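Engineer: Just so it is clear, I am handing over entry.txt, which has compact mmCIF, C-alpha atoms.
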```txt
# COMPACT_ATOMS: atom_id res chain seq x y z
CA MET A 1 -58.68 48.71 -42.22
CA THR A 2 -56.45 51.53 -43.45
CA GLU A 3 -52.75 50.72 -43.59
CA PRO A 4 -50.62 53.06 -41.44
CA THR A 5 -48.68 55.70 -43.36
CA ILE A 6 -44.94 54.99 -43.50
CA THR A 7 -42.96 58.12 -42.70
CA GLN A 8 -40.39 58.67 -45.41
CA LEU A 9 -36.79 59.43 -44.55
CA GLN A 10 -35.22 62.62 -45.80
CA PRO A 11 -31.86 62.73 -47.61
CA MET A 12 -28.90 63.54 -45.40
CA PRO A 13 -27.41 67.02 -45.85
CA ASP A 14 -24.56 67.07 -48.35
CA ASP A 15 -23.19 70.60 -47.88
CA TRP A 16 -20.27 69.56 -45.71
CA GLN A 17 -16.67 68.47 -46.22
CA ARG A 18 -15.43 66.79 -43.00
CA ALA A 19 -17.02 64.16 -40.76
CA LEU A 20 -15.88 62.41 -37.60
CA ALA A 21 -17.36 59.06 -36.54
CA VAL A 22 -17.09 58.25 -32.81
CA VAL A 23 -18.05 54.78 -31.55
CA ALA A 24 -17.17 52.37 -28.78
CA HIS A 25 -15.66 49.34 -30.55
CA PRO A 26 -14.12 48.00 -33.75
CA ASP A 27 -16.96 46.83 -36.06
CA ASP A 28 -19.56 49.27 -34.64
CA LEU A 29 -19.45 51.37 -37.80
CA GLU A 30 -19.34 48.39 -40.13
CA TYR A 31 -22.61 46.98 -38.81
CA GLY A 32 -24.61 49.59 -40.68
CA CYS A 33 -22.77 52.84 -41.51
CA SER A 34 -20.00 51.93 -43.89
CA ALA A 35 -22.05 51.99 -47.11
CA ALA A 36 -22.84 55.64 -46.38
CA ILE A 37 -19.21 56.36 -45.53
CA ALA A 38 -18.06 54.81 -48.82
CA ALA A 39 -20.46 57.07 -50.71
CA TRP A 40 -19.17 60.11 -48.85
CA THR A 41 -15.50 59.39 -49.47
CA ASP A 42 -16.30 58.70 -53.14
CA ALA A 43 -17.66 62.25 -53.27
CA GLY A 44 -14.36 63.62 -51.98
CA ARG A 45 -15.43 64.17 -48.38
CA GLU A 46 -13.07 63.48 -45.48
CA VAL A 47 -14.14 60.99 -42.82
CA ALA A 48 -12.12 60.04 -39.73
CA TYR A 49 -12.82 57.37 -37.12
CA VAL A 50 -12.36 57.58 -33.35
CA LEU A 51 -12.94 54.45 -31.27
CA ALA A 52 -13.21 54.64 -27.51
CA SER A 53 -11.77 51.14 -27.03
CA ARG A 54 -9.86 48.51 -29.00
CA GLY A 55 -12.57 45.89 -28.48
CA GLU A 56 -10.17 43.80 -26.43
CA ALA A 57 -12.93 42.14 -24.36
CA GLY A 58 -14.98 41.11 -27.38
CA ILE A 59 -13.77 37.56 -28.08
CA ASP A 60 -14.12 35.00 -25.32
CA THR A 61 -11.38 32.73 -26.66
CA LEU A 62 -8.72 35.45 -26.86
CA GLU A 63 -7.01 37.19 -23.96
CA PRO A 64 -7.45 40.99 -24.10
CA ALA A 65 -3.70 41.54 -24.59
CA GLU A 66 -3.86 39.47 -27.79
CA CYS A 67 -7.35 40.49 -28.87
CA GLY A 68 -6.88 44.28 -28.72
CA PRO A 69 -4.05 44.57 -31.25
CA LEU A 70 -5.75 42.07 -33.57
CA ARG A 71 -9.03 43.98 -33.55
CA GLU A 72 -7.18 47.24 -34.09
CA ARG A 73 -5.54 45.78 -37.22
CA GLU A 74 -8.89 44.51 -38.47
CA GLN A 75 -10.46 47.93 -37.89
CA ARG A 76 -7.76 49.79 -39.81
CA ALA A 77 -8.11 47.36 -42.73
CA SER A 78 -11.88 47.69 -42.59
CA ALA A 79 -11.73 51.49 -42.67
CA ALA A 80 -9.36 51.45 -45.64
CA VAL A 81 -11.92 49.52 -47.72
CA VAL A 82 -14.31 52.50 -47.54
CA GLY A 83 -11.66 55.18 -48.03
CA VAL A 84 -10.89 56.09 -44.41
CA SER A 85 -7.24 56.34 -43.38
CA ALA A 86 -7.49 58.31 -40.11
CA VAL A 87 -8.37 55.84 -37.33
CA GLU A 88 -7.70 56.72 -33.67
CA PHE A 89 -8.19 54.75 -30.46
CA LEU A 90 -8.82 56.46 -27.12
CA ASP A 91 -7.88 53.41 -25.00
CA HIS A 92 -10.88 53.38 -22.70
CA LYS A 93 -11.39 49.87 -21.32
CA ASP A 94 -13.68 47.70 -23.44
CA GLY A 95 -16.85 46.58 -21.68
CA VAL A 96 -16.63 49.10 -18.84
CA ILE A 97 -16.48 52.44 -20.69
CA GLU A 98 -17.87 55.05 -18.33
CA TYR A 99 -19.91 58.07 -19.28
CA GLY A 100 -18.39 61.12 -17.62
CA THR A 101 -16.06 64.05 -17.98
CA ALA A 102 -13.01 61.94 -18.91
CA LEU A 103 -14.82 60.45 -21.90
CA ARG A 104 -16.38 63.78 -22.88
CA ARG A 105 -12.96 65.44 -22.73
CA ASP A 106 -11.33 62.80 -24.94
CA ILE A 107 -14.09 63.07 -27.55
CA ALA A 108 -14.12 66.88 -27.41
CA ALA A 109 -10.36 66.79 -28.01
CA ALA A 110 -10.87 64.58 -31.05
CA ILE A 111 -13.51 66.94 -32.41
CA ARG A 112 -11.13 69.87 -31.97
CA ARG A 113 -8.36 67.94 -33.74
CA HIS A 114 -10.47 66.93 -36.74
CA ARG A 115 -12.81 69.96 -36.89
CA PRO A 116 -15.78 68.16 -38.48
CA GLU A 117 -19.04 69.65 -39.63
CA LEU A 118 -20.81 66.30 -39.21
CA VAL A 119 -20.31 64.00 -36.21
CA ILE A 120 -21.55 60.39 -36.41
CA THR A 121 -22.15 58.08 -33.48
CA LEU A 122 -24.16 54.99 -32.54
CA ASN A 123 -27.46 54.48 -30.70
CA HIS A 124 -27.14 55.97 -27.21
CA ARG A 125 -30.50 54.76 -25.92
CA ASP A 126 -31.12 51.85 -23.55
CA THR A 127 -32.49 49.50 -26.19
CA TRP A 128 -32.36 48.70 -29.89
CA GLY A 129 -35.91 49.71 -30.75
CA GLY A 130 -37.31 48.30 -27.54
CA VAL A 131 -36.42 44.78 -28.69
CA ALA A 132 -32.89 44.16 -27.40
CA TRP A 133 -30.95 45.75 -24.56
CA ASN A 134 -28.14 48.05 -25.69
CA THR A 135 -24.66 47.71 -24.18
CA PRO A 136 -23.39 50.19 -21.57
CA ASP A 137 -20.43 51.03 -23.84
CA HIS A 138 -22.69 52.12 -26.72
CA VAL A 139 -24.89 54.16 -24.39
CA ALA A 140 -21.91 55.88 -22.75
CA VAL A 141 -20.08 56.72 -25.98
CA GLY A 142 -23.18 57.84 -27.86
CA ARG A 143 -24.33 60.12 -25.08
CA ALA A 144 -20.83 61.50 -24.48
CA THR A 145 -20.46 62.24 -28.20
CA LEU A 146 -23.67 64.26 -28.24
CA ASP A 147 -22.40 66.25 -25.27
CA ALA A 148 -18.84 66.60 -26.57
CA ALA A 149 -20.10 68.18 -29.79
CA GLY A 150 -21.05 71.15 -27.60
CA ASP A 151 -18.07 70.88 -25.25
CA ALA A 152 -15.71 71.20 -28.21
CA GLY A 153 -16.86 74.76 -28.85
CA ASN A 154 -16.59 76.08 -25.28
CA ARG A 155 -13.10 77.18 -24.27
CA TRP A 156 -14.05 77.20 -20.58
CA ILE A 157 -14.98 73.51 -20.58
CA PHE A 158 -11.77 71.45 -20.48
CA PRO A 159 -9.46 74.52 -20.64
CA GLU A 160 -6.49 72.14 -20.58
CA LEU A 161 -7.27 71.33 -24.21
CA VAL A 162 -6.44 74.92 -25.18
CA GLU A 163 -3.18 74.59 -23.30
CA GLN A 164 -2.47 71.55 -25.48
CA GLY A 165 -3.03 73.63 -28.61
CA LEU A 166 -6.58 72.43 -29.30
CA GLN A 167 -8.61 75.56 -29.94
CA PRO A 168 -12.41 75.52 -29.59
CA TRP A 169 -14.37 74.24 -32.60
CA ASN A 170 -17.92 75.49 -33.07
CA GLY A 171 -18.25 74.09 -36.56
CA VAL A 172 -20.26 70.94 -35.74
CA ARG A 173 -23.55 71.48 -37.57
CA TRP A 174 -25.12 68.04 -37.08
CA VAL A 175 -24.77 64.87 -35.03
CA ALA A 176 -26.06 61.78 -36.84
CA VAL A 177 -26.99 58.74 -34.75
CA ALA A 178 -26.88 55.36 -36.49
CA GLY A 179 -28.92 52.43 -35.23
CA SER A 180 -31.68 54.70 -33.92
CA SER A 181 -35.23 53.37 -33.66
CA THR A 182 -36.48 56.83 -34.71
CA PRO A 183 -34.41 57.71 -37.79
CA THR A 184 -35.13 60.89 -39.71
CA HIS A 185 -32.69 60.82 -42.64
CA ALA A 186 -30.94 58.33 -44.90
CA VAL A 187 -28.17 57.85 -47.45
CA ASP A 188 -28.50 55.76 -50.61
CA ALA A 189 -26.51 52.60 -49.87
CA THR A 190 -26.42 51.31 -53.44
CA PRO A 191 -23.00 52.70 -54.49
CA GLY A 192 -21.27 51.60 -51.28
CA LEU A 193 -23.04 48.38 -50.33
CA GLU A 194 -20.53 45.97 -51.86
CA ARG A 195 -17.65 47.77 -50.15
CA ALA A 196 -19.64 47.75 -46.91
CA VAL A 197 -19.76 43.96 -47.14
CA ARG A 198 -16.00 43.77 -47.75
CA SER A 199 -15.39 46.24 -44.95
CA LEU A 200 -17.29 44.21 -42.35
CA LEU A 201 -15.60 41.03 -43.57
CA GLN A 202 -12.26 42.51 -42.48
CA HIS A 203 -13.46 41.79 -38.92
CA ARG A 204 -13.24 38.09 -39.69
CA THR A 205 -11.83 36.96 -36.34
CA TYR A 206 -14.68 38.63 -34.49
CA ILE A 207 -17.35 37.39 -36.92
CA GLU A 208 -16.11 33.80 -36.73
CA ALA A 209 -16.38 33.98 -32.94
CA LEU A 210 -19.86 35.50 -33.20
CA THR A 211 -21.54 33.04 -35.56
CA SER A 212 -21.10 29.54 -36.97
CA GLU A 213 -22.49 30.69 -40.34
CA ASP A 214 -20.28 31.26 -43.34
CA PRO A 215 -18.89 34.78 -42.72
CA GLU A 216 -19.60 36.12 -46.20
CA THR A 217 -23.17 34.77 -46.22
CA TYR A 218 -23.82 36.15 -42.74
CA VAL A 219 -22.40 39.60 -43.54
CA ARG A 220 -24.06 39.94 -46.93
CA GLU A 221 -27.49 38.88 -45.66
CA PHE A 222 -27.24 41.12 -42.59
CA LEU A 223 -26.19 44.29 -44.41
CA THR A 224 -28.38 43.78 -47.47
CA GLY A 225 -31.42 42.96 -45.38
CA HIS A 226 -31.08 46.05 -43.23
CA ALA A 227 -30.40 48.31 -46.21
CA GLU A 228 -33.43 46.99 -48.09
CA ALA A 229 -35.69 47.33 -45.04
CA THR A 230 -34.57 50.93 -44.58
CA GLY A 231 -35.08 51.54 -48.29
CA GLU A 232 -38.81 50.98 -47.89
CA ARG A 233 -38.82 54.45 -46.32
CA PHE A 234 -36.39 55.95 -48.84
CA GLY A 235 -37.95 55.61 -52.25
CA GLY A 236 -37.28 51.89 -52.53
CA ARG A 237 -33.50 52.30 -52.66
CA PRO A 238 -31.30 50.37 -50.21
CA ALA A 239 -30.29 52.89 -47.58
CA VAL A 240 -28.46 53.64 -44.35
CA ALA A 241 -30.60 55.51 -41.80
CA PHE A 242 -29.62 58.14 -39.23
CA GLU A 243 -31.40 60.18 -36.60
CA LEU A 244 -30.11 63.68 -37.31
CA PHE A 245 -29.70 66.33 -34.63
CA GLY A 246 -28.91 69.89 -35.72
CA ARG A 247 -26.72 72.18 -33.66
```
Once more with this new file: its structure as structure tokens, please.
Structural biologist:
Amino acid sequence: MTEPTITQLQPMPDDWQRALAVVAHPDDLEYGCSAAIAAWTDAGREVAYVLASRGEAGIDTLEPAECGPLREREQRASAAVVGVSAVEFLDHKDGVIEYGTALRRDIAAAIRRHRPELVITLNHRDTWGGVAWNTPDHVAVGRATLDAAGDAGNRWIFPELVEQGLQPWNGVRWVAVAGSSTPTHAVDATPGLERAVRSLLQHRTYIEALTSEDPETYVREFLTGHAEATGERFGGRPAVAFELFGR
């Protein structure tokens, strides 16, 4: 029986200078993207993070009022490990983020502020590859980000943003979706993989609530395993995969 052909992933475009990553929670980017982000910042590119919530409902043993500030601190420390200093929080309520015009407006405003050529977000589909159900927060933020990339360039959508001094931005050339079951492109994770491990480990409080395993063992095995599996479709190099949409 003939083995099925494995579709190879293409290299991500590199003719850009600014990127904006928009996700729902602290740690969303660290569970897969941060090795790519480290490589990009090493190359002198600017990357900023926008998080819809502070992840305040993510730890059962901590009240949201205590959990939110703690997870914000962990996220800022995590971003710094991979060369990201601009981290913003939109203060939508963790666990019940709603897709709609309010979320689209907030993300469009962030795109106008940062003026990226590349926008990054997380899987917006109902499942993770048909195996596990995705969370409503991920679905809402991913879908709203795809829409807001267009909203940001139209002055007649959310005209109040112009009144606030945020002029339309039509410079988004691509939206890259991490965690997609149908990726098209990838980034070599080798240069940034060790920093990706250290970056995710900054979310120690969350990880310790998530698993009884040793945090470093858990993080290293998770990130290395995913990067190596992706690398089978990227010339054998550990990689971070994205589904790339052009605009």
Engineer: Would you mind listing what lies within 8 Å of range 17-28 of chain A as an NGL selection string, with only C-alpha atoms counted and same-chain residues fewer than 6 positions away left out?
Structural biologist: :A and (44-55 or 71-72 or 74-75 or 94 or 107 or 111 or 114-122 or 137-138 or 141-142 or 145 or 200 or 203)
Engineer: Just how far from CA of Ala35 in chain A is CA of Asp106 in chain A, in Å to one decimal?
Structural biologist: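 Between CA of Asp106 in chain A and CA of Ala35 in chain A the gap is 26.9 Å.
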Engineer: Excluding Glu30 in chain A and residues on its chain fewer than 5 positions from it, collect all residues at most 10 Å away from it, counting only C-alpha atoms, and give them as a list of chain:residue names.
Structural biologist: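 Counting only C-alpha atoms, the residues come to A:Ala35, A:Ile37, A:Gln75, A:Ser78, A:Ala79, A:Val82, A:Ala196, A:Val197, A:Arg198, A:Ser199, A:Leu200, A:Leu201, A:Gln202, A:His203, A:Val219, A:Leu223.
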Engineer: Val96 in chain A: which residues within 10 Å, counting only C-alpha atoms, same-chain residues fewer than 2 positions away excluded, as a PyMOL selection string?
Structural biologist: chain A and resi 53+57+92-94+98-99+135-137+140
Engineer: When you look at range 127-132 of chain A with a cut-off of 10 Å (counting only C-alpha atoms), what residues show up, excluding the ones that are within fewer than 6 positions of it in the same chain? I need them as a list in words.
Structural biologist: Val139, Gly179, Ser180, Ser181 and Thr182 of chain A
Engineer: Restricting the calculation to all atoms listed in the file: of A:Asn134, A:Thr184, A:Asn170, A:Ser34, which residue gets closest to Gln8 in chain A?
Structural biologist: A:Thr184
Engineer: Take CA of Gly246 in chain A and CA of Phe222 in chain A and report the distance between them in Å, one decimal.
Structural biologist: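 Atom-to-atom, CA of Gly246 in chain A and CA of Phe222 in chain A are spaced 29.6 Å apart.
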Engineer: Please compute the CA of Val172 in chain A-CA of Phe158 in chain A distance, one decimal, in Å.
Structural biologist: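 For CA of Val172 in chain A relative to CA of Phe158 in chain A, the distance reads 17.5 Å.
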Engineer: Skip Gln167 in chain A itself and residues of its chain fewer than 4 positions away, then list as an MDAnalysis selection string all residues within 12 Å of it, counting all atoms listed in the file.
Structural biologist: chainID A and resid 108:115 151:163 171
Engineer: Could you rebuild range 109-120 of chain A with all heavy atoms and give me the result as a PDB file, in the coordinates of the input?
Structural biologist:
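Just written: out_34.pdb:
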```
ATOM      1  N   ALA A 109     -11.708  66.589 -27.463  1.00  0.00           N
ATOM      2  CA  ALA A 109     -10.360  66.790 -28.010  1.00  0.00           C
ATOM      3  C   ALA A 109     -10.282  66.277 -29.440  1.00  0.00           C
ATOM      4  O   ALA A 109      -9.691  66.930 -30.320  1.00  0.00           O
ATOM      5  CB  ALA A 109      -9.325  66.101 -27.130  1.00  0.00           C
ATOM      6  N   ALA A 110     -10.881  65.126 -29.691  1.00  0.00           N
ATOM      7  CA  ALA A 110     -10.870  64.580 -31.050  1.00  0.00           C
ATOM      8  C   ALA A 110     -11.633  65.479 -32.012  1.00  0.00           C
ATOM      9  O   ALA A 110     -11.203  65.699 -33.157  1.00  0.00           O
ATOM     10  CB  ALA A 110     -11.476  63.170 -31.046  1.00  0.00           C
ATOM     11  N   ILE A 111     -12.749  66.024 -31.554  1.00  0.00           N
ATOM     12  CA  ILE A 111     -13.510  66.940 -32.410  1.00  0.00           C
ATOM     13  C   ILE A 111     -12.682  68.185 -32.705  1.00  0.00           C
ATOM     14  O   ILE A 111     -12.664  68.676 -33.849  1.00  0.00           O
ATOM     15  CB  ILE A 111     -14.854  67.293 -31.740  1.00  0.00           C
ATOM     16  CG1 ILE A 111     -15.772  66.050 -31.705  1.00  0.00           C
ATOM     17  CG2 ILE A 111     -15.548  68.445 -32.462  1.00  0.00           C
ATOM     18  CD1 ILE A 111     -17.033  66.232 -30.878  1.00  0.00           C
ATOM     19  N   ARG A 112     -11.983  68.701 -31.729  1.00  0.00           N
ATOM     20  CA  ARG A 112     -11.130  69.870 -31.970  1.00  0.00           C
ATOM     21  C   ARG A 112      -9.984  69.538 -32.926  1.00  0.00           C
ATOM     22  O   ARG A 112      -9.582  70.380 -33.730  1.00  0.00           O
ATOM     23  CB  ARG A 112     -10.599  70.417 -30.653  1.00  0.00           C
ATOM     24  CG  ARG A 112     -11.669  71.031 -29.774  1.00  0.00           C
ATOM     25  CD  ARG A 112     -11.060  71.722 -28.570  1.00  0.00           C
ATOM     26  NE  ARG A 112     -12.099  72.223 -27.657  1.00  0.00           N
ATOM     27  CZ  ARG A 112     -11.850  73.052 -26.661  1.00  0.00           C
ATOM     28  NH1 ARG A 112     -10.603  73.472 -26.422  1.00  0.00           N
ATOM     29  NH2 ARG A 112     -12.828  73.463 -25.869  1.00  0.00           N
ATOM     30  N   ARG A 113      -9.450  68.328 -32.828  1.00  0.00           N
ATOM     31  CA  ARG A 113      -8.360  67.940 -33.740  1.00  0.00           C
ATOM     32  C   ARG A 113      -8.849  67.856 -35.185  1.00  0.00           C
ATOM     33  O   ARG A 113      -8.184  68.326 -36.105  1.00  0.00           O
ATOM     34  CB  ARG A 113      -7.772  66.580 -33.339  1.00  0.00           C
ATOM     35  CG  ARG A 113      -6.816  66.603 -32.180  1.00  0.00           C
ATOM     36  CD  ARG A 113      -6.016  65.304 -32.085  1.00  0.00           C
ATOM     37  NE  ARG A 113      -6.846  64.121 -31.931  1.00  0.00           N
ATOM     38  CZ  ARG A 113      -7.297  63.666 -30.766  1.00  0.00           C
ATOM     39  NH1 ARG A 113      -7.024  64.326 -29.647  1.00  0.00           N
ATOM     40  NH2 ARG A 113      -8.028  62.566 -30.706  1.00  0.00           N
ATOM     41  N   HIS A 114      -9.994  67.227 -35.375  1.00  0.00           N
ATOM     42  CA  HIS A 114     -10.470  66.930 -36.740  1.00  0.00           C
ATOM     43  C   HIS A 114     -11.373  68.010 -37.316  1.00  0.00           C
ATOM     44  O   HIS A 114     -11.552  68.056 -38.538  1.00  0.00           O
ATOM     45  CB  HIS A 114     -11.170  65.573 -36.750  1.00  0.00           C
ATOM     46  CG  HIS A 114     -10.244  64.428 -36.500  1.00  0.00           C
ATOM     47  ND1 HIS A 114      -9.440  63.897 -37.483  1.00  0.00           N
ATOM     48  CD2 HIS A 114      -9.968  63.728 -35.363  1.00  0.00           C
ATOM     49  CE1 HIS A 114      -8.722  62.899 -36.967  1.00  0.00           C
ATOM     50  NE2 HIS A 114      -9.024  62.780 -35.692  1.00  0.00           N
ATOM     51  N   ARG A 115     -11.989  68.822 -36.472  1.00  0.00           N
ATOM     52  CA  ARG A 115     -12.810  69.960 -36.890  1.00  0.00           C
ATOM     53  C   ARG A 115     -13.889  69.577 -37.907  1.00  0.00           C
ATOM     54  O   ARG A 115     -13.978  70.125 -39.000  1.00  0.00           O
ATOM     55  CB  ARG A 115     -11.899  71.086 -37.415  1.00  0.00           C
ATOM     56  CG  ARG A 115     -10.841  71.477 -36.399  1.00  0.00           C
ATOM     57  CD  ARG A 115      -9.851  72.494 -36.919  1.00  0.00           C
ATOM     58  NE  ARG A 115     -10.368  73.851 -36.838  1.00  0.00           N
ATOM     59  CZ  ARG A 115     -10.420  74.594 -35.725  1.00  0.00           C
ATOM     60  NH1 ARG A 115      -9.997  74.086 -34.571  1.00  0.00           N
ATOM     61  NH2 ARG A 115     -10.885  75.820 -35.743  1.00  0.00           N
ATOM     62  N   PRO A 116     -14.734  68.622 -37.542  1.00  0.00           N
ATOM     63  CA  PRO A 116     -15.780  68.160 -38.480  1.00  0.00           C
ATOM     64  C   PRO A 116     -16.994  69.076 -38.473  1.00  0.00           C
ATOM     65  O   PRO A 116     -17.279  69.773 -37.499  1.00  0.00           O
ATOM     66  CB  PRO A 116     -16.151  66.792 -37.903  1.00  0.00           C
ATOM     67  CG  PRO A 116     -15.984  66.985 -36.424  1.00  0.00           C
ATOM     68  CD  PRO A 116     -14.774  67.873 -36.275  1.00  0.00           C
ATOM     69  N   GLU A 117     -17.717  69.026 -39.564  1.00  0.00           N
ATOM     70  CA  GLU A 117     -19.040  69.650 -39.630  1.00  0.00           C
ATOM     71  C   GLU A 117     -20.130  68.654 -39.241  1.00  0.00           C
ATOM     72  O   GLU A 117     -21.175  69.028 -38.720  1.00  0.00           O
ATOM     73  CB  GLU A 117     -19.295  70.170 -41.036  1.00  0.00           C
ATOM     74  CG  GLU A 117     -18.301  71.237 -41.475  1.00  0.00           C
ATOM     75  CD  GLU A 117     -17.904  71.055 -42.921  1.00  0.00           C
ATOM     76  OE1 GLU A 117     -16.965  70.274 -43.193  1.00  0.00           O
ATOM     77  OE2 GLU A 117     -18.550  71.677 -43.776  1.00  0.00           O
ATOM     78  N   LEU A 118     -19.884  67.379 -39.533  1.00  0.00           N
ATOM     79  CA  LEU A 118     -20.810  66.300 -39.210  1.00  0.00           C
ATOM     80  C   LEU A 118     -20.117  65.334 -38.253  1.00  0.00           C
ATOM     81  O   LEU A 118     -18.993  64.900 -38.512  1.00  0.00           O
ATOM     82  CB  LEU A 118     -21.208  65.554 -40.489  1.00  0.00           C
ATOM     83  CG  LEU A 118     -22.016  64.263 -40.332  1.00  0.00           C
ATOM     84  CD1 LEU A 118     -23.399  64.548 -39.757  1.00  0.00           C
ATOM     85  CD2 LEU A 118     -22.131  63.523 -41.671  1.00  0.00           C
ATOM     86  N   VAL A 119     -20.791  65.016 -37.148  1.00  0.00           N
ATOM     87  CA  VAL A 119     -20.310  64.000 -36.210  1.00  0.00           C
ATOM     88  C   VAL A 119     -21.281  62.830 -36.251  1.00  0.00           C
ATOM     89  O   VAL A 119     -22.507  63.023 -36.255  1.00  0.00           O
ATOM     90  CB  VAL A 119     -20.193  64.561 -34.779  1.00  0.00           C
ATOM     91  CG1 VAL A 119     -19.903  63.439 -33.779  1.00  0.00           C
ATOM     92  CG2 VAL A 119     -19.097  65.622 -34.701  1.00  0.00           C
ATOM     93  N   ILE A 120     -20.750  61.620 -36.318  1.00  0.00           N
ATOM     94  CA  ILE A 120     -21.550  60.390 -36.410  1.00  0.00           C
ATOM     95  C   ILE A 120     -21.292  59.560 -35.163  1.00  0.00           C
ATOM     96  O   ILE A 120     -20.136  59.429 -34.730  1.00  0.00           O
ATOM     97  CB  ILE A 120     -21.153  59.586 -37.661  1.00  0.00           C
ATOM     98  CG1 ILE A 120     -21.308  60.439 -38.927  1.00  0.00           C
ATOM     99  CG2 ILE A 120     -21.966  58.308 -37.771  1.00  0.00           C
ATOM    100  CD1 ILE A 120     -20.318  60.082 -40.006  1.00  0.00           C
TER     101      ILE A 120
END
```
